[in-house]
Each structure stands twice: as structure tokens, then as C-alpha cells.
Amino acid sequence: MADIPVSLPPLRLLIAAPRGFCAGVDRAIRIVELAIQKYGAPVYVRHEIVHNRYVVDSLKALGAVFVEDLDEVPDGVPVVFSAHGVPKAVPHKAEERGLDYVDATCPLVSKVHRQAERLVADGRHILFIGHKGHPEVIGTFGQVPEGRMTLIENEADAQTVAPADPEALAFLTQTTLSVDDTAATIAVLRQRFPSIHAPRGEDICYATSNRQAAVKAIAEQCDAMLVIGAPNSSNSLRLVEVAERSGVKALLIQRADDIDFAWLDGAATLGITAGASAPEILVREVVDRLATRFAIEESEVTTAKEDMIFKLPRALADV
């Protein structure tokens, strides 16, 4: 007797756009690839070039070696600094050792670094809104002399910070924060310190803002949402928070194998997005895995178009 085919339950997918790689991540990955072409393997990379295991493993296969400290880099080999930025002491140390280095810091992070230098030169103390221990925060603090910047992680910190000179303050922010949380924290600082100097333009990067807006746009139509990204990716974690605050349960996964099908029970419409360091191949991998259990109806919801491109460092422009 022939087997009777079992029909799969339907599942509607709403895929957020923009999602995935931003211009800074594209640039950083390309820098490592070109450095390997120019110098030959191995090329050392200080810290994960971007926070995504798939990307890191792919670059390892090409000849990249990832380390956390410059002391782990042998003499005579090139080194790349990650997209998150590094303290000034790191390139200085590389120069002292005679190491060839390429800085893959995202230009939008570098913009924050230069603002920090100018504000301190103007005699201001900086209240920096960010997450303690994040590489971008460590790199930004390392641009100015110790004691000239104070970390503000949330509204509570903003309510209690007691600067020595409230009339000589400025604030800057990490580029990958929650748009809503940051706005609330800034509102507290402005209320407490009316003369505080604001950054030139928004420090939270366009990609972070766009991806959070895209999640908000689809959340009300979803029963659940998957966010593809790494657990140490700030912008990916913020997407989970945005979804949950919009009233939909959300789960961070790194790969399709992480899908918990029991968690999807009862979901008729599933939202999917990806953090700024997650490649599109992982999105398609997730959709393909879902298609083994569900009859998929897939559609993309676009809330913004992105065409940002950042120039490569001069040292690699002709590779």
C-alpha cells in the first residue's frame, strides 16, 4: 500500500528588510580578505573582525588567525584591527613593534572617536552611553585620557551621575544601541544638564536604526520572531528586545540548527531578521530548515533602502 503524503502545516514568513550585513561589516570582511591576498596567510586579526561565528570561521579557512591581544601576534606578520575599533594604544604598540597593520574600524565608529577627541580638547567631560565591556566602548574610551569619560549604561545611571562640572559636559553613544532606550537616557541627561553638548548628528548608526525600525514594522503581524545573530552581537540583542517590546516573543539564533520547533508551536506568522554582522546565507539556511517542517509562504517587508558604501583603506585599495 502506497504511503499517503502528509501535508505540512502552513507558516507565513515575514522577512524584515533591511537586515543582515551593513556597510561597515562588508568593509571589515573585505579588508581581511584583501589583506590575505596582499600579504599571504596567515594574517592576524585582533578580536573577532565582526561578531559572527560563521564569518569568523570562513575567514579562518582563508588564513586569518584571531587573537584577543597584540602580544599574541608574532613579529613580522600583518595584523588587522576589528570593525569595533581599538584604543589608541593598540596601533601605537603595533608601530613600536614594526608590525604592518590595517585598521578595519567602521568609519561610523571612527567618527565617534574623532568627536571624543575634539570634545576633550574643548575641555568637556564626556558621558558615554553604551554597554560596559563591549569592544566598541573599550575602543572609544581608549581615544581620550583616562578620567575624561564616564560610562552611562541606562536611565538609572543618567539619573545618578554626578560630574565635577555640570556646565562642561557632552554626551556620545555607542553605535549599536537600542534607539528607544538611548532616547530615554538622553532625555534624562538633557533634563538634568540643560547645557550638555550633543553629538553632531546621530551616533547610533543608520544600520542599527533601520533594522530596529524594520522589526517594529512587522512585529504586530507576527506571532513569533527569529533574530539571526551572535550572542555577543550588541545590535542583534537589541533586535530581540525591540521585538519583545513590540509584543511578540523573540528568539536569538546563530544558525538553522538552533531552531527550537517546539518554541514555534501555535505560530501562524513568523518574523525573521538578522543582525548587521549576520550574512544573508544564514537567513536562507533558516528558511530552508523551516521548509522541512512547514508549507512556507514567504514575503519581504521593506522599510528602507540602504546604499551606503565605505572606502577601503589606501593600503588595500589596489589589491
# chains A, B, ... in the order shown; residues from 1 in each chain; ligands from 1
$ residues_around --residues "range 252-262 of chain A" --least-positions-apart "2" --cutoff "6 Å" --atoms "only C-alpha atoms" --output "MDAnalysis selection string"
chainID A and resid 227:230 264:265 285:286
$ write_last_selection --atoms "C-alpha atoms" --output "PDB file, in the first residue's frame"
ATOM      1  CA  VAL A 227      16.653  37.050  15.092  1.00  0.00           C
ATOM      2  CA  ILE A 228      19.739  35.604  13.418  1.00  0.00           C
ATOM      3  CA  GLY A 229      22.881  36.813  15.110  1.00  0.00           C
ATOM      4  CA  ALA A 230      25.554  36.090  17.702  1.00  0.00           C
ATOM      5  CA  LEU A 264       7.197  27.729  17.310  1.00  0.00           C
ATOM      6  CA  ASP A 265       4.093  25.759  18.326  1.00  0.00           C
ATOM      7  CA  GLU A 285      19.566  28.480   5.687  1.00  0.00           C
ATOM      8  CA  VAL A 286      16.906  29.223   8.314  1.00  0.00           C
TER       9      VAL A 286
END
$ closest_residue --among "A:Thr269, A:Gln115, A:Ser82, A:Gln159" --to "Thr173 in chain A" --atoms "only C-alpha atoms"
A:Gln115
$ residues_around --residues "Val240 in chain A" --least-positions-apart "4" --cutoff "12 Å" --atoms "only C-alpha atoms" --output "PDB file with N, CA and C atoms, in the first residue's frame"
ATOM      1  N   SER A 178      19.938  50.357  21.504  1.00  0.00           N
ATOM      2  CA  SER A 178      18.505  50.500  21.298  1.00  0.00           C
ATOM      3  C   SER A 178      18.175  51.967  21.065  1.00  0.00           C
ATOM      4  N   ARG A 211      17.363  48.556  11.110  1.00  0.00           N
ATOM      5  CA  ARG A 211      16.981  47.183  11.429  1.00  0.00           C
ATOM      6  C   ARG A 211      15.969  47.145  12.581  1.00  0.00           C
ATOM      7  N   GLN A 212      16.115  48.055  13.527  1.00  0.00           N
ATOM      8  CA  GLN A 212      15.126  48.120  14.597  1.00  0.00           C
ATOM      9  C   GLN A 212      13.776  48.600  14.071  1.00  0.00           C
ATOM     10  N   VAL A 215      11.993  45.734  12.295  1.00  0.00           N
ATOM     11  CA  VAL A 215      11.382  44.786  13.232  1.00  0.00           C
ATOM     12  C   VAL A 215      10.057  45.340  13.748  1.00  0.00           C
ATOM     13  N   LYS A 216      10.051  46.604  14.116  1.00  0.00           N
ATOM     14  CA  LYS A 216       8.808  47.214  14.610  1.00  0.00           C
ATOM     15  C   LYS A 216       7.710  47.140  13.544  1.00  0.00           C
ATOM     16  N   ALA A 219       6.400  43.433  13.542  1.00  0.00           N
ATOM     17  CA  ALA A 219       6.131  42.747  14.808  1.00  0.00           C
ATOM     18  C   ALA A 219       4.651  42.551  15.071  1.00  0.00           C
ATOM     19  N   ALA A 224       5.602  35.240  16.448  1.00  0.00           N
ATOM     20  CA  ALA A 224       6.932  34.996  16.990  1.00  0.00           C
ATOM     21  C   ALA A 224       7.952  35.569  16.007  1.00  0.00           C
ATOM     22  N   MET A 225       9.182  35.763  16.494  1.00  0.00           N
ATOM     23  CA  MET A 225      10.221  36.305  15.617  1.00  0.00           C
ATOM     24  C   MET A 225      11.556  35.649  15.925  1.00  0.00           C
ATOM     25  N   LEU A 226      12.258  35.273  14.866  1.00  0.00           N
ATOM     26  CA  LEU A 226      13.623  34.772  14.975  1.00  0.00           C
ATOM     27  C   LEU A 226      14.586  35.875  14.565  1.00  0.00           C
ATOM     28  N   VAL A 227      15.588  36.103  15.399  1.00  0.00           N
ATOM     29  CA  VAL A 227      16.653  37.050  15.092  1.00  0.00           C
ATOM     30  C   VAL A 227      17.931  36.246  14.902  1.00  0.00           C
ATOM     31  N   ILE A 228      18.520  36.353  13.720  1.00  0.00           N
ATOM     32  CA  ILE A 228      19.739  35.604  13.418  1.00  0.00           C
ATOM     33  C   ILE A 228      20.932  36.490  13.758  1.00  0.00           C
ATOM     34  N   GLY A 229      21.736  36.021  14.687  1.00  0.00           N
ATOM     35  CA  GLY A 229      22.881  36.813  15.110  1.00  0.00           C
ATOM     36  C   GLY A 229      23.610  36.116  16.239  1.00  0.00           C
ATOM     37  N   ALA A 230      24.723  36.696  16.664  1.00  0.00           N
ATOM     38  CA  ALA A 230      25.554  36.090  17.702  1.00  0.00           C
ATOM     39  C   ALA A 230      25.166  36.622  19.080  1.00  0.00           C
ATOM     40  N   PRO A 231      25.355  35.808  20.124  1.00  0.00           N
ATOM     41  CA  PRO A 231      25.008  36.259  21.468  1.00  0.00           C
ATOM     42  C   PRO A 231      25.872  37.404  21.980  1.00  0.00           C
ATOM     43  N   SER A 233      26.685  39.900  19.902  1.00  0.00           N
ATOM     44  CA  SER A 233      26.411  40.981  18.950  1.00  0.00           C
ATOM     45  C   SER A 233      25.413  41.948  19.565  1.00  0.00           C
ATOM     46  N   SER A 234      25.869  43.151  19.876  1.00  0.00           N
ATOM     47  CA  SER A 234      25.002  44.134  20.528  1.00  0.00           C
ATOM     48  C   SER A 234      23.782  44.456  19.679  1.00  0.00           C
ATOM     49  N   ASN A 235      23.989  44.708  18.391  1.00  0.00           N
ATOM     50  CA  ASN A 235      22.847  45.115  17.564  1.00  0.00           C
ATOM     51  C   ASN A 235      21.832  43.981  17.406  1.00  0.00           C
ATOM     52  N   SER A 236      22.303  42.712  17.413  1.00  0.00           N
ATOM     53  CA  SER A 236      21.378  41.579  17.317  1.00  0.00           C
ATOM     54  C   SER A 236      20.544  41.440  18.593  1.00  0.00           C
ATOM     55  N   GLU A 244      10.375  42.040  21.395  1.00  0.00           N
ATOM     56  CA  GLU A 244       9.644  41.720  22.624  1.00  0.00           C
ATOM     57  C   GLU A 244       8.858  42.920  23.129  1.00  0.00           C
ATOM     58  N   ARG A 245       9.437  44.098  23.015  1.00  0.00           N
ATOM     59  CA  ARG A 245       8.729  45.304  23.462  1.00  0.00           C
ATOM     60  C   ARG A 245       7.566  45.648  22.541  1.00  0.00           C
ATOM     61  N   SER A 246       7.619  45.119  21.340  1.00  0.00           N
ATOM     62  CA  SER A 246       6.511  45.320  20.403  1.00  0.00           C
ATOM     63  C   SER A 246       5.405  44.285  20.610  1.00  0.00           C
ATOM     64  N   GLY A 247       5.594  43.405  21.589  1.00  0.00           N
ATOM     65  CA  GLY A 247       4.546  42.461  21.953  1.00  0.00           C
ATOM     66  C   GLY A 247       4.644  41.094  21.322  1.00  0.00           C
ATOM     67  N   VAL A 248       5.776  40.748  20.736  1.00  0.00           N
ATOM     68  CA  VAL A 248       5.934  39.441  20.102  1.00  0.00           C
ATOM     69  C   VAL A 248       7.111  38.710  20.750  1.00  0.00           C
ATOM     70  N   LYS A 249       6.947  37.415  20.996  1.00  0.00           N
ATOM     71  CA  LYS A 249       8.063  36.662  21.568  1.00  0.00           C
ATOM     72  C   LYS A 249       9.161  36.534  20.521  1.00  0.00           C
ATOM     73  N   ALA A 250      10.409  36.601  20.964  1.00  0.00           N
ATOM     74  CA  ALA A 250      11.532  36.605  20.029  1.00  0.00           C
ATOM     75  C   ALA A 250      12.650  35.715  20.558  1.00  0.00           C
ATOM     76  N   LEU A 251      13.391  35.132  19.634  1.00  0.00           N
ATOM     77  CA  LEU A 251      14.471  34.212  19.979  1.00  0.00           C
ATOM     78  C   LEU A 251      15.689  34.517  19.118  1.00  0.00           C
ATOM     79  N   LEU A 252      16.846  34.637  19.760  1.00  0.00           N
ATOM     80  CA  LEU A 252      18.107  34.823  19.049  1.00  0.00           C
ATOM     81  C   LEU A 252      18.687  33.466  18.705  1.00  0.00           C
ATOM     82  N   ILE A 253      19.006  33.243  17.437  1.00  0.00           N
ATOM     83  CA  ILE A 253      19.650  32.002  16.997  1.00  0.00           C
ATOM     84  C   ILE A 253      20.866  32.362  16.149  1.00  0.00           C
ATOM     85  N   GLY A 271       8.168  36.170  12.058  1.00  0.00           N
ATOM     86  CA  GLY A 271       9.065  37.197  11.554  1.00  0.00           C
ATOM     87  C   GLY A 271      10.502  36.716  11.581  1.00  0.00           C
ATOM     88  N   ILE A 272      11.290  37.153  10.611  1.00  0.00           N
ATOM     89  CA  ILE A 272      12.716  36.804  10.555  1.00  0.00           C
ATOM     90  C   ILE A 272      13.507  38.064  10.255  1.00  0.00           C
ATOM     91  N   THR A 273      14.579  38.263  11.010  1.00  0.00           N
ATOM     92  CA  THR A 273      15.513  39.330  10.710  1.00  0.00           C
ATOM     93  C   THR A 273      16.914  38.836  11.048  1.00  0.00           C
ATOM     94  N   ALA A 274      17.910  39.651  10.742  1.00  0.00           N
ATOM     95  CA  ALA A 274      19.303  39.277  11.010  1.00  0.00           C
ATOM     96  C   ALA A 274      20.072  40.514  11.433  1.00  0.00           C
ATOM     97  N   GLY A 275      20.948  40.337  12.419  1.00  0.00           N
ATOM     98  CA  GLY A 275      21.794  41.429  12.864  1.00  0.00           C
ATOM     99  C   GLY A 275      22.771  41.867  11.788  1.00  0.00           C
TER     100      GLY A 275
END
$ select_by_dssp --residues "range 60-268 of chain A" --states "strand (DSSP E or B)" --output "JSON, numbers by chain"
{"A": [64, 65, 66, 67, 79, 80, 81, 101, 102, 103, 125, 126, 127, 128, 129, 149, 150, 151, 152, 169, 170, 171, 172, 173, 197, 224, 225, 226, 227, 228, 249, 250, 251, 252, 253]}
$ closest_residue --among "A:Ala28, A:Ala304, A:Leu169, A:Ala276" --to "Ala198 in chain A" --atoms "only C-alpha atoms"
A:Leu169
$ closest_residue --among "A:Leu108, A:Thr176, A:Glu117, A:Gly147" --to "Gly201 in chain A" --atoms "only C-alpha atoms"
A:Leu108
$ closest_residue --among "A:Leu119, A:Cys22, A:Leu13, A:Ala61" --to "Lys305 in chain A" --atoms "only C-alpha atoms"
A:Cys22
$ atom_distance --atom1 "CA of Pro166 in chain A" --atom2 "CA of Ile129 in chain A"
16.6 Å
